[in-house]
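Here's the structure, in structure tokens; my notes come after.
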Protein chains: 2
Amino acid sequence: MNEQFMREAIRLSVAMMRRGKGGPFGAVVVCGDRVVGHGWNAVTSRNDPTAHAEVMAIRQACRNLNRFHLEDCEIYTSCEPCPMCLAAMYWARLRKGYYANTRKDAARIGFNDALIYQEVARPKSKRKLRMAPLLRDEALKAFAEWESKADKLRY
Amino acid sequence: MNEQFMREAIRLSVAMMRRGKGGPFGAVVVCGDRVVGHGWNAVTSRNDPTAHAEVMAIRQACRNLNRFHLEDCEIYTSCEPCPMCLAAMYWARLRKGYYANTRKDAARIGFNDALIYQEVARPKSKRKLRMAPLLRDEALKAFAEWESKADKLRY
């Protein structure tokens, strides 16, 4: 069963690469014994740097299930996730993941997530992408309003 | 000028929270002196755990500019980015960022990105979200095909 789902993720990675959608990456989200989300890399065809296979599969699964958490779901991805996709898996509360190709395999064909993994782990003052603080006092008011908002929907 | 852009990000964070779109977060992507992408948190209203303000602003900016890299752009976000958004900023190749509220401010109102930052920095064998290897040999074929693909578009 597990292998069947991974084969579907790999099949997507190949089919969509051949159609020129983007890099050779596919993923499926599975709930029980059913695929509820399909995803493939569509960065270059959609002009969307966030359109990685795992993000796309999570988004489709949530749309299909009509909810924003996937605690009862697992993800099968044809390659170990990058930090963006891994963090998305946490936000979606997926309970488990399976991967086929490794980060090292991906680096060997020119997809080097290692730099981003290193950067995310660094304190912000040490990162290549500089982040400067600005107008915190004004933004804090928005947070205070959220705190006191009676009908807020937490996630 | 900088302050004007940040005020727009903060304005979005408040306006969209009040309309029930999601958490109190807004962002804008700026190219030169022009806002080319607006984003706000829409996790709960769109059933999309990846619909954070920064991701939405990056996606809109790329759509508007019709390209998948934003080397000449900066992002203004009403709160320090989570690891998903930070990694998305690297994939988009944004050249600089500005933030108002801090991660600690966000944690104080119940948005705790710290756990995800810790998890992303861990080796995969130590993470709470377990990832199991499966069918690497079959997936490697997709990578080999990418390697030899003549018309591939790198990103």
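Each chain in the structure tokens gets a letter, A, B and so on, in the order shown; residues start at 1 in every chain, and ligands are counted from 1 in the order they appear.
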Q: Pull out every residue of chain A sitting within 7 Å of chain B, counting only C-alpha atoms, and send them as a PyMOL selection string.
A: chain A and resi 10+14+24+43-44+47-50+59+62-63+66-68+78+83-85+87-88+90-92+95-101+109+116+120-121+129-136+139-140+142-143+146-147
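Residue-level DSSP output for range 50-135 of chain B, from the backbone, shows strand (DSSP E) at Cys73, Glu74, Ile75, Tyr76, Thr77, Ser78, Cys79, Lys96, Gly97, Tyr98, Tyr99, Ala100, Asn101, Arg130, Met131, Ala132 and Pro133 of chain B.
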May I have the selected residues written with N, CA and C atoms, as a PDB file, in the first residue's frame?
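Contents of again_35.pdb, as written:
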ATOM      1  N   CYS B  73      13.507  42.773  -5.711  1.00  0.00           N
ATOM      2  CA  CYS B  73      12.378  43.150  -4.844  1.00  0.00           C
ATOM      3  C   CYS B  73      12.717  42.996  -3.367  1.00  0.00           C
ATOM      4  N   GLU B  74      11.940  43.702  -2.539  1.00  0.00           N
ATOM      5  CA  GLU B  74      12.062  43.592  -1.087  1.00  0.00           C
ATOM      6  C   GLU B  74      10.693  43.260  -0.525  1.00  0.00           C
ATOM      7  N   ILE B  75      10.673  42.651   0.669  1.00  0.00           N
ATOM      8  CA  ILE B  75       9.392  42.319   1.291  1.00  0.00           C
ATOM      9  C   ILE B  75       9.263  43.059   2.619  1.00  0.00           C
ATOM     10  N   TYR B  76       8.075  43.562   2.865  1.00  0.00           N
ATOM     11  CA  TYR B  76       7.735  44.206   4.132  1.00  0.00           C
ATOM     12  C   TYR B  76       6.668  43.336   4.771  1.00  0.00           C
ATOM     13  N   THR B  77       6.967  42.773   5.937  1.00  0.00           N
ATOM     14  CA  THR B  77       5.994  41.906   6.576  1.00  0.00           C
ATOM     15  C   THR B  77       5.700  42.412   7.984  1.00  0.00           C
ATOM     16  N   SER B  78       4.437  42.351   8.363  1.00  0.00           N
ATOM     17  CA  SER B  78       4.036  42.916   9.649  1.00  0.00           C
ATOM     18  C   SER B  78       4.561  42.094  10.820  1.00  0.00           C
ATOM     19  N   CYS B  79       5.103  40.904  10.531  1.00  0.00           N
ATOM     20  CA  CYS B  79       5.699  40.072  11.594  1.00  0.00           C
ATOM     21  C   CYS B  79       6.840  39.243  11.020  1.00  0.00           C
ATOM     22  N   LYS B  96      15.954  41.645   0.193  1.00  0.00           N
ATOM     23  CA  LYS B  96      15.961  42.168   1.565  1.00  0.00           C
ATOM     24  C   LYS B  96      14.569  42.085   2.170  1.00  0.00           C
ATOM     25  N   GLY B  97      14.486  42.078   3.493  1.00  0.00           N
ATOM     26  CA  GLY B  97      13.195  42.060   4.163  1.00  0.00           C
ATOM     27  C   GLY B  97      13.143  43.058   5.306  1.00  0.00           C
ATOM     28  N   TYR B  98      11.933  43.484   5.623  1.00  0.00           N
ATOM     29  CA  TYR B  98      11.675  44.325   6.796  1.00  0.00           C
ATOM     30  C   TYR B  98      10.546  43.666   7.582  1.00  0.00           C
ATOM     31  N   TYR B  99      10.626  43.699   8.900  1.00  0.00           N
ATOM     32  CA  TYR B  99       9.568  43.107   9.723  1.00  0.00           C
ATOM     33  C   TYR B  99       9.228  44.065  10.860  1.00  0.00           C
ATOM     34  N   ALA B 100       8.000  43.974  11.350  1.00  0.00           N
ATOM     35  CA  ALA B 100       7.575  44.846  12.453  1.00  0.00           C
ATOM     36  C   ALA B 100       7.503  44.021  13.743  1.00  0.00           C
ATOM     37  N   ASN B 101       6.417  43.283  13.947  1.00  0.00           N
ATOM     38  CA  ASN B 101       6.349  42.424  15.133  1.00  0.00           C
ATOM     39  C   ASN B 101       7.426  41.342  15.067  1.00  0.00           C
ATOM     40  N   ARG B 130       7.825  12.182  11.809  1.00  0.00           N
ATOM     41  CA  ARG B 130       8.702  11.136  11.298  1.00  0.00           C
ATOM     42  C   ARG B 130       8.649  11.054   9.782  1.00  0.00           C
ATOM     43  N   MET B 131       9.832  10.846   9.191  1.00  0.00           N
ATOM     44  CA  MET B 131       9.951  10.706   7.739  1.00  0.00           C
ATOM     45  C   MET B 131      10.662   9.387   7.461  1.00  0.00           C
ATOM     46  N   ALA B 132      10.005   8.523   6.696  1.00  0.00           N
ATOM     47  CA  ALA B 132      10.595   7.213   6.396  1.00  0.00           C
ATOM     48  C   ALA B 132      11.009   7.131   4.929  1.00  0.00           C
ATOM     49  N   PRO B 133      12.181   6.518   4.665  1.00  0.00           N
ATOM     50  CA  PRO B 133      12.628   6.361   3.266  1.00  0.00           C
ATOM     51  C   PRO B 133      11.853   5.238   2.568  1.00  0.00           C
TER      52      PRO B 133
END
